[in-house]
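Listing of data_1.cif; format and content: mmCIF, C-alpha atoms.
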```cif
data_data
#
loop_
_atom_site.label_atom_id
_atom_site.label_comp_id
_atom_site.auth_asym_id
_atom_site.auth_seq_id
_atom_site.Cartn_x
_atom_site.Cartn_y
_atom_site.Cartn_z
CA MET A 25 -52.92 135.95 81.89
CA ILE A 26 -51.56 134.03 78.93
CA PHE A 27 -48.05 133.66 80.27
CA GLN A 28 -49.34 132.36 83.63
CA ARG A 29 -51.42 129.62 82.00
CA ALA A 30 -48.53 128.69 79.73
CA LEU A 31 -46.09 128.51 82.65
CA ILE A 32 -48.38 126.43 84.85
CA ARG A 33 -49.01 124.02 81.98
CA GLU A 34 -45.27 123.66 81.37
CA PHE A 35 -44.58 123.29 85.10
CA ALA A 36 -47.09 120.45 85.37
CA SER A 37 -45.80 118.65 82.28
CA LEU A 38 -42.17 118.79 83.38
CA ALA A 39 -43.01 117.95 87.01
CA SER A 40 -44.71 114.72 85.91
CA ALA A 41 -41.64 113.64 83.94
CA VAL A 42 -39.23 114.61 86.73
CA PHE A 43 -41.23 112.86 89.44
CA LEU A 44 -41.59 109.64 87.45
CA THR A 45 -37.86 109.64 86.77
CA LEU A 46 -36.87 110.26 90.39
CA PHE A 47 -39.46 107.81 91.71
CA SER A 48 -38.30 105.10 89.30
CA ILE A 49 -34.66 105.59 90.27
CA ALA A 50 -35.45 105.50 94.00
CA LEU A 51 -37.64 102.39 93.69
CA THR A 52 -35.15 100.57 91.48
CA THR A 53 -32.29 101.28 93.88
CA ARG A 54 -34.35 100.12 96.84
CA LEU A 55 -35.61 97.04 95.01
CA ILE A 56 -32.06 95.94 94.19
CA ARG A 57 -31.12 96.25 97.84
CA LEU A 58 -34.20 94.35 99.01
CA LEU A 59 -33.62 91.57 96.48
CA GLY A 60 -30.06 91.28 97.77
CA ASP A 61 -31.36 90.98 101.34
CA ALA A 62 -33.90 88.37 100.23
CA ALA A 63 -31.23 86.38 98.40
CA GLY A 64 -29.05 86.50 101.50
CA GLY A 65 -31.90 85.27 103.70
CA LYS A 66 -32.19 88.49 105.71
CA ILE A 67 -35.83 88.98 104.72
CA PRO A 68 -38.41 86.58 103.22
CA SER A 69 -38.91 86.87 99.49
CA ASP A 70 -42.65 87.41 99.93
CA ALA A 71 -41.93 90.55 101.98
CA VAL A 72 -39.94 92.38 99.29
CA PHE A 73 -42.84 94.22 97.69
CA ALA A 74 -44.37 95.10 101.05
CA TYR A 75 -41.12 96.75 102.14
CA LEU A 76 -40.94 98.46 98.75
CA ALA A 77 -44.44 99.88 99.21
CA PHE A 78 -43.59 101.25 102.66
CA PHE A 79 -40.43 102.83 101.27
CA SER A 80 -42.29 104.45 98.38
CA VAL A 81 -44.67 106.19 100.78
CA SER A 82 -41.93 107.33 103.17
CA THR A 83 -39.83 108.84 100.37
CA LEU A 84 -42.68 110.82 98.80
CA PRO A 85 -42.11 114.12 100.70
CA VAL A 86 -38.46 114.41 99.66
CA LEU A 87 -39.13 113.37 96.05
CA LEU A 88 -42.04 115.80 95.68
CA SER A 89 -39.98 118.62 97.15
CA LEU A 90 -37.12 117.95 94.73
CA THR A 91 -39.59 117.63 91.85
CA LEU A 92 -41.03 121.07 92.59
CA PHE A 93 -37.63 122.70 92.69
CA VAL A 94 -36.26 121.02 89.55
CA SER A 95 -39.39 121.53 87.43
CA VAL A 96 -39.64 125.28 88.15
CA LEU A 97 -35.90 125.76 87.77
CA LEU A 98 -35.66 123.96 84.42
CA THR A 99 -38.77 125.64 83.01
CA LEU A 100 -37.58 129.16 83.79
CA THR A 101 -34.05 128.32 82.67
CA ARG A 102 -35.42 127.25 79.28
CA SER A 103 -37.31 130.55 79.08
CA TYR A 104 -34.05 132.43 79.56
CA ARG A 105 -32.23 130.32 76.96
CA ASP A 106 -34.99 130.82 74.38
CA SER A 107 -35.10 134.59 75.10
CA GLU A 108 -38.71 134.40 76.26
CA MET A 109 -37.79 136.16 79.49
CA VAL A 110 -36.38 139.13 77.56
CA ILE A 111 -39.68 139.51 75.72
CA TRP A 112 -41.70 139.40 78.95
CA PHE A 113 -39.38 141.88 80.65
CA ASN A 114 -39.54 144.27 77.70
CA SER A 115 -43.33 144.08 77.81
CA GLY A 116 -43.32 145.58 81.30
CA LEU A 117 -43.29 142.50 83.57
CA SER A 118 -40.88 142.38 86.46
CA LEU A 119 -39.27 139.33 88.06
CA THR A 120 -41.87 139.36 90.83
CA ALA A 121 -44.59 138.70 88.23
CA TRP A 122 -43.39 135.09 88.20
CA LEU A 123 -44.37 134.65 91.84
CA ALA A 124 -48.09 134.28 91.06
CA PRO A 125 -47.89 131.39 88.53
CA VAL A 126 -45.18 129.62 90.52
CA LEU A 127 -47.23 129.79 93.72
CA LYS A 128 -50.42 128.69 91.94
CA PHE A 129 -48.58 125.62 90.75
CA ALA A 130 -46.58 124.99 93.93
CA LEU A 131 -49.05 125.56 96.77
CA PRO A 132 -51.21 122.46 96.09
CA LEU A 133 -48.07 120.31 95.93
CA VAL A 134 -46.68 121.91 99.08
CA ALA A 135 -49.96 121.04 100.83
CA LEU A 136 -49.57 117.45 99.57
CA ILE A 137 -45.97 117.37 100.83
CA ALA A 138 -47.13 118.62 104.23
CA ALA A 139 -49.83 115.95 104.40
CA THR A 140 -47.43 113.15 103.51
CA SER A 141 -44.67 114.43 105.80
CA LEU A 142 -46.87 115.07 108.82
CA PHE A 143 -49.38 112.21 108.52
CA LEU A 144 -48.90 109.68 105.71
CA SER A 145 -45.18 108.93 106.12
CA PRO A 146 -45.40 108.33 109.92
CA TRP A 147 -48.37 106.03 109.31
CA ALA A 148 -46.38 104.08 106.70
CA ALA A 149 -43.38 103.88 109.06
CA GLN A 150 -45.63 102.50 111.79
CA LEU A 151 -47.04 99.86 109.44
CA ALA A 152 -43.52 98.94 108.33
CA GLN A 153 -42.44 98.50 111.96
CA ARG A 154 -45.40 96.24 112.69
CA PHE A 155 -44.75 94.26 109.53
CA SER A 156 -41.09 93.79 110.49
CA ALA A 157 -42.14 92.62 113.94
CA GLY A 158 -44.47 90.10 112.33
CA ILE A 159 -41.64 88.84 110.13
CA GLU A 160 -39.41 88.41 113.17
CA ALA A 161 -42.18 86.48 114.94
CA ARG A 162 -42.43 83.87 112.19
CA ASP A 163 -41.36 80.35 113.10
CA ASP A 164 -38.18 78.85 111.68
CA VAL A 165 -39.78 76.91 108.85
CA SER A 166 -41.77 79.91 107.67
CA ARG A 167 -38.49 81.75 107.16
CA VAL A 168 -37.29 79.27 104.56
CA ASP A 169 -38.00 79.78 100.87
CA PRO A 170 -37.73 76.79 98.50
CA GLY A 171 -34.31 76.58 96.89
CA THR A 172 -32.57 78.91 99.34
CA PHE A 173 -30.87 78.51 102.71
CA GLY A 174 -32.55 80.12 105.69
CA GLU A 175 -31.48 80.72 109.27
CA SER A 176 -33.51 80.20 112.41
CA GLY A 177 -34.50 83.10 114.57
CA ASP A 178 -31.82 82.41 117.22
CA HIS A 179 -29.18 81.64 114.55
CA ASP A 180 -28.47 78.09 115.75
CA ARG A 181 -29.97 76.22 112.78
CA VAL A 182 -29.79 76.48 109.00
CA PHE A 183 -32.57 75.05 106.84
CA PHE A 184 -32.74 74.18 103.19
CA VAL A 185 -35.89 72.97 101.40
CA ASP A 186 -35.78 71.92 97.78
CA SER A 187 -39.51 72.25 97.11
CA VAL A 188 -42.87 72.61 98.83
CA GLY A 189 -45.79 70.28 98.26
CA ALA A 190 -49.09 71.39 96.80
CA ASP A 191 -50.74 71.32 100.25
CA LYS A 192 -48.14 73.79 101.59
CA THR A 193 -47.51 71.57 104.64
CA THR A 194 -45.05 69.06 103.21
CA VAL A 195 -41.54 69.72 101.94
CA ASN A 196 -39.12 67.66 99.88
CA ASN A 197 -35.36 67.12 100.16
CA VAL A 198 -34.77 68.78 103.52
CA PHE A 199 -31.37 69.78 104.90
CA VAL A 200 -30.94 70.95 108.52
CA ASN A 201 -27.67 72.00 110.12
CA SER A 202 -27.92 72.57 113.86
CA VAL A 203 -25.80 72.92 116.99
CA GLN A 204 -27.08 71.12 120.09
CA HIS A 205 -25.12 70.74 123.32
CA GLN A 206 -22.06 72.20 121.59
CA ARG A 207 -22.13 69.44 119.00
CA GLU A 208 -22.79 70.09 115.36
CA GLY A 209 -25.34 67.93 113.60
CA VAL A 210 -26.50 67.61 110.02
CA MET A 211 -29.79 66.00 109.02
CA MET A 212 -31.01 65.17 105.55
CA SER A 213 -34.31 63.60 104.61
CA ARG A 214 -36.41 63.07 101.53
CA THR A 215 -39.61 64.50 102.95
CA GLY A 216 -40.82 66.49 105.90
CA ARG A 217 -43.95 68.09 107.27
CA THR A 218 -45.07 70.28 110.13
CA GLU A 219 -47.21 68.99 113.00
CA THR A 220 -48.80 70.72 115.97
CA ALA A 221 -48.80 69.05 119.37
CA PRO A 222 -51.83 69.23 121.72
CA ASN A 223 -50.02 71.82 123.86
CA GLY A 224 -49.59 74.06 120.83
CA ASP A 225 -45.91 73.35 120.14
CA ARG A 226 -45.03 72.94 116.48
CA PHE A 227 -42.61 70.31 115.18
CA LEU A 228 -40.84 69.68 111.92
CA VAL A 229 -41.15 65.93 111.28
CA LEU A 230 -38.51 64.49 108.97
CA GLU A 231 -38.97 61.08 107.36
CA ASP A 232 -36.59 58.61 105.78
CA GLY A 233 -33.32 60.41 106.40
CA GLN A 234 -29.91 60.41 108.02
CA ARG A 235 -28.27 62.35 110.83
CA TYR A 236 -24.55 63.06 111.11
CA GLU A 237 -23.35 64.27 114.51
CA GLY A 238 -19.90 65.38 115.58
CA SER A 239 -16.75 66.15 113.59
CA PRO A 240 -15.54 63.70 110.94
CA GLY A 241 -12.44 61.76 112.04
CA GLU A 242 -13.21 61.93 115.76
CA ALA A 243 -13.99 58.86 117.81
CA ASP A 244 -17.48 60.01 118.82
CA TYR A 245 -18.58 60.81 115.27
CA GLN A 246 -22.01 59.23 114.69
CA VAL A 247 -24.07 58.39 111.62
CA MET A 248 -27.69 57.46 112.22
CA ARG A 249 -30.52 56.55 109.92
CA PHE A 250 -34.10 57.27 110.93
CA GLY A 251 -37.55 56.67 109.63
CA ARG A 252 -39.06 59.56 111.59
CA TYR A 253 -37.37 62.42 113.42
CA ALA A 254 -39.18 65.35 115.05
CA THR A 255 -37.49 68.62 115.93
CA ARG A 256 -39.27 71.43 117.69
CA ILE A 257 -39.83 74.61 115.70
CA LYS A 258 -38.89 77.62 117.76
CA SER A 259 -41.26 80.53 117.38
CA SER A 260 -41.21 83.80 119.20
CA GLN A 261 -44.26 85.39 120.68
CA ASP A 262 -45.64 88.14 118.50
CA PRO A 263 -43.86 91.10 120.11
CA GLN A 264 -45.15 94.57 120.24
CA PRO A 265 -42.87 96.71 118.03
CA ALA A 266 -40.63 99.03 119.97
CA ALA A 267 -41.87 102.58 119.81
CA SER A 268 -39.69 104.91 117.75
CA HIS A 269 -39.98 108.64 117.24
CA GLN A 270 -40.12 108.02 113.48
CA ASP A 271 -43.21 105.84 113.90
CA LEU A 272 -45.14 108.19 116.17
CA SER A 273 -47.85 110.40 114.78
CA THR A 274 -47.23 114.12 114.66
CA LEU A 275 -49.82 114.67 117.39
CA ALA A 276 -48.03 112.13 119.61
CA LEU A 277 -44.73 113.95 119.04
CA MET A 278 -46.25 117.21 120.23
CA ARG A 279 -47.86 115.56 123.25
CA ASN A 280 -44.54 114.04 124.35
CA PRO A 281 -41.93 116.74 123.59
CA THR A 282 -38.72 114.81 124.27
CA ASP A 283 -35.55 115.82 122.45
CA ALA A 284 -35.84 112.92 120.00
CA ASN A 285 -39.49 113.70 119.28
CA LEU A 286 -38.81 117.40 118.81
CA GLY A 287 -35.96 116.56 116.44
CA GLU A 288 -38.31 114.43 114.35
CA LEU A 289 -40.83 117.27 114.40
CA VAL A 290 -38.16 119.64 113.05
CA TRP A 291 -37.70 117.33 110.06
CA ARG A 292 -41.41 116.81 109.37
CA VAL A 293 -42.21 120.52 109.53
CA GLY A 294 -39.05 121.39 107.64
CA ILE A 295 -39.83 119.35 104.52
CA PRO A 296 -42.88 121.38 103.35
CA LEU A 297 -41.29 124.67 104.46
CA SER A 298 -38.13 123.90 102.51
CA ALA A 299 -40.20 122.88 99.47
CA LEU A 300 -41.93 126.27 99.45
CA ILE A 301 -38.70 128.24 99.89
CA LEU A 302 -36.84 126.18 97.30
CA VAL A 303 -39.50 126.69 94.65
CA LEU A 304 -39.27 130.46 95.22
CA LEU A 305 -35.48 130.28 95.12
CA ALA A 306 -35.75 128.66 91.70
CA ILE A 307 -37.05 131.95 90.22
CA PRO A 308 -33.89 134.05 90.69
CA MET A 309 -31.61 131.00 90.34
CA SER A 310 -32.96 130.22 86.88
CA PHE A 311 -31.19 133.26 85.42
CA VAL A 312 -28.79 132.26 82.63
CA ASN A 313 -25.70 134.35 81.99
CA PRO A 314 -24.54 133.63 78.41
CA ARG A 315 -20.97 134.60 79.27
CA ALA A 316 -20.76 132.24 82.22
CA GLY A 317 -22.34 129.26 80.48
CA ARG A 318 -25.67 127.53 80.84
CA SER A 319 -24.64 125.05 83.53
CA VAL A 320 -23.34 127.53 86.12
CA ASN A 321 -26.77 128.42 87.51
CA LEU A 322 -27.82 124.76 87.57
CA ALA A 323 -24.69 123.84 89.51
CA PHE A 324 -25.31 126.66 91.99
CA ALA A 325 -28.97 125.60 92.36
CA LEU A 326 -27.97 121.98 92.98
CA LEU A 327 -25.39 123.08 95.55
CA THR A 328 -28.00 125.20 97.28
CA TYR A 329 -30.41 122.26 97.48
CA VAL A 330 -27.73 119.96 98.92
CA VAL A 331 -26.62 122.54 101.48
CA TYR A 332 -30.21 123.29 102.47
CA SER A 333 -31.02 119.61 102.93
CA ASN A 334 -27.85 118.95 104.94
CA LEU A 335 -28.41 121.98 107.15
CA LEU A 336 -31.94 120.76 107.86
CA SER A 337 -30.54 117.35 108.83
CA VAL A 338 -27.93 118.98 111.07
CA SER A 339 -30.61 121.09 112.74
CA GLN A 340 -32.70 117.98 113.36
CA ALA A 341 -29.71 116.12 114.83
CA ARG A 342 -28.77 118.98 117.17
CA VAL A 343 -32.35 119.27 118.45
CA THR A 344 -32.44 115.49 118.94
CA LEU A 345 -29.22 115.62 120.97
CA GLY A 346 -30.52 118.55 123.03
CA ARG A 347 -27.82 120.93 121.76
CA LEU A 348 -30.26 123.26 120.03
CA ASP A 349 -33.54 124.52 121.38
CA PHE A 350 -36.58 123.54 119.33
CA SER A 351 -37.94 127.09 119.36
CA LEU A 352 -34.82 128.11 117.43
CA GLY A 353 -34.07 124.96 115.49
CA TRP A 354 -37.33 124.65 113.56
CA TRP A 355 -36.96 128.02 111.77
CA LEU A 356 -33.24 128.92 111.86
CA VAL A 357 -32.24 127.22 108.59
CA HIS A 358 -35.39 128.37 106.81
CA GLY A 359 -34.80 131.93 107.99
CA ALA A 360 -31.29 131.88 106.52
CA MET A 361 -32.65 130.63 103.20
CA LEU A 362 -35.32 133.34 103.21
CA VAL A 363 -32.57 135.94 103.57
CA LEU A 364 -30.77 134.34 100.61
CA LEU A 365 -34.03 134.44 98.64
CA LEU A 366 -34.50 138.16 99.27
CA VAL A 367 -30.87 138.92 98.37
CA LEU A 368 -31.10 136.99 95.09
CA PHE A 369 -34.38 138.67 94.15
CA ALA A 370 -32.91 142.12 94.89
CA ARG A 371 -29.79 141.45 92.84
CA ARG A 372 -31.68 140.03 89.87
CA MET A 373 -34.20 142.86 89.81
CA GLN A 374 -31.42 145.45 89.99
CA LEU A 375 -29.63 143.72 87.13
CA PHE A 376 -32.76 143.68 84.97
CA ARG A 377 -33.42 147.37 85.61
CA LEU A 378 -29.90 148.19 84.41
CA ARG A 379 -30.27 146.11 81.26
CA LEU A 380 -33.69 147.31 80.18
CA PRO A 381 -33.64 150.09 77.57
CA ARG A 382 -34.69 153.53 78.78
#
```
So that I can check it, write out the structure of this file as structure tokens.
Amino acid sequence: MIFQRALIREFASLASAVFLTLFSIALTTRLIRLLGDAAGGKIPSDAVFAYLAFFSVSTLPVLLSLTLFVSVLLTLTRSYRDSEMVIWFNSGLSLTAWLAPVLKFALPLVALIAATSLFLSPWAAQLAQRFSAGIEARDDVSRVDPGTFGESGDHDRVFFVDSVGADKTTVNNVFVNSVQHQREGVMMSRTGRTETAPNGDRFLVLEDGQRYEGSPGEADYQVMRFGRYATRIKSSQDPQPAASHQDLSTLALMRNPTDANLGELVWRVGIPLSALILVLLAIPMSFVNPRAGRSVNLAFALLTYVVYSNLLSVSQARVTLGRLDFSLGWWLVHGAMLVLLLVLFARRMQLFRLRLPR
């Protein structure tokens, strides 16, 4: 029908704009936080965009679910404001006639949300965990970015490198602050480079520098000049990342039904289910009452989304803690929202029947 094609076209157009807006806001917020961590030396600067990519994949299910809800809600709200709904109702269409175009638009996106929630997001979380483990396994010198202070893995040394040579193995204007045998030492040198011993140990070799050891003013305070000074670079073995229920595949969660795994399963299954129920809730919630104002229904819809999301999180937490059985927890919140959906549809349809001329 004409109105179905028109609605689906408008849904798609608005959904694209809404998703790009939400995605841009989420990425910008995350990028600012990651840049702050990189500036503070918590993560290497070359890892910022990798972490950003992992975050963008993990946040897709929630953003797509919110995009579905907002796009359908705003489209139908505009139809009420422009009196298009009155024309369709007077032509013999009921409120349930909007189910078909909404479902035609929503079901492919709900399938995409299910795929990302059940498979893609856990895969991205697993890659992020392995990447973080690789970052932690880097040696001390690899943690330092030119022009910034960096801390060693065991937090007993602070490095500063002014610049890196073209061969990537030499550094210029090196500063090292370390604590050895409960004595604080500071070393500064013009150049430095990394060397590997026959046994595989790696050393930072400083050349043409000075070392200050002890506290200024004390009798044992020492100042030494050196032409060559080698300090061992501590590196951790590449550890296997600790397994987390967020990193496990959905099949692994079902094979090992612990409370934590079942709680994670409640969340993964709940995202696509909530997306489908929310998009159907948007149909009766889009009703605009001119006497109450245009923003009342939007405020109620936003409150419903927040409550739904929080209840889903509470259900996940209670299953994780073993205080709610999984057989009840995975559908309880969705069942309550389905009851709300039926009540809203019944009230709206009764209202429209009373308003239509006889």
**OP:** For Met248 of chain A, please output as a PyMOL selection string all residues within 8 Å (counting only C-alpha atoms; exclusion window: fewer than 6 positions along the same chain).
**Re:** chain A and resi 234-236
**OP:** Return as an NGL selection string the set of residues that the PyMOL selection byres ((chain A and resi 80) around 10) yields on the displayed structure.
**Re:** :A and (47-48 or 50-51 or 54 or 74-79 or 81-85 or 87 or 145 or 148)
Subject >> Nearest-residue call for Ser298 of chain A, choices A:Ser239, A:Ser333, A:Thr140, A:Ser310, using all atoms listed in the file >> reply: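 For Ser298 of chain A, the nearest of the given residues is A:Ser333.
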**OP:** Convert the output of the PyMOL selection byres ((chain A and resi 203-215) around 6) on the shown file into explicit residues, formatted as a list in words.
**Re:**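 The output of the PyMOL selection byres ((chain A and resi 203-215) around 6) on this file is Asp180, Val195, Asn196, Asn197, Val198, Phe199, Val200, Asn201, Ser202, Gly216, Glu231, Asp232, Gly233, Gln234, Arg235, Tyr236, Glu237 and Gly238 of chain A.
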Subject >> Matched chain/residue IDs from the PyMOL selection byres ((chain A and resi 219) around 10), as a PyMOL selection string >> reply: chain A and resi 193+216-218+220-222+224-229+254+256-257
**OP:** Please provide as a list in words all residues within 7 Å of Phe311 of chain A, with the sequence filter that same-chain residues fewer than 5 positions apart are discarded (counting only C-alpha atoms).
**Re:** Thr101, Tyr104 and Asn321 of chain A
Dump as a PDB file, in the frame of the given file, selection limited to C-alpha atoms:
```pdb
ATOM      1  CA  THR A 101     -34.050 128.320  82.670  1.00  0.00           C
ATOM      2  CA  TYR A 104     -34.050 132.430  79.560  1.00  0.00           C
ATOM      3  CA  ASN A 321     -26.770 128.420  87.510  1.00  0.00           C
TER       4      ASN A 321
END
```
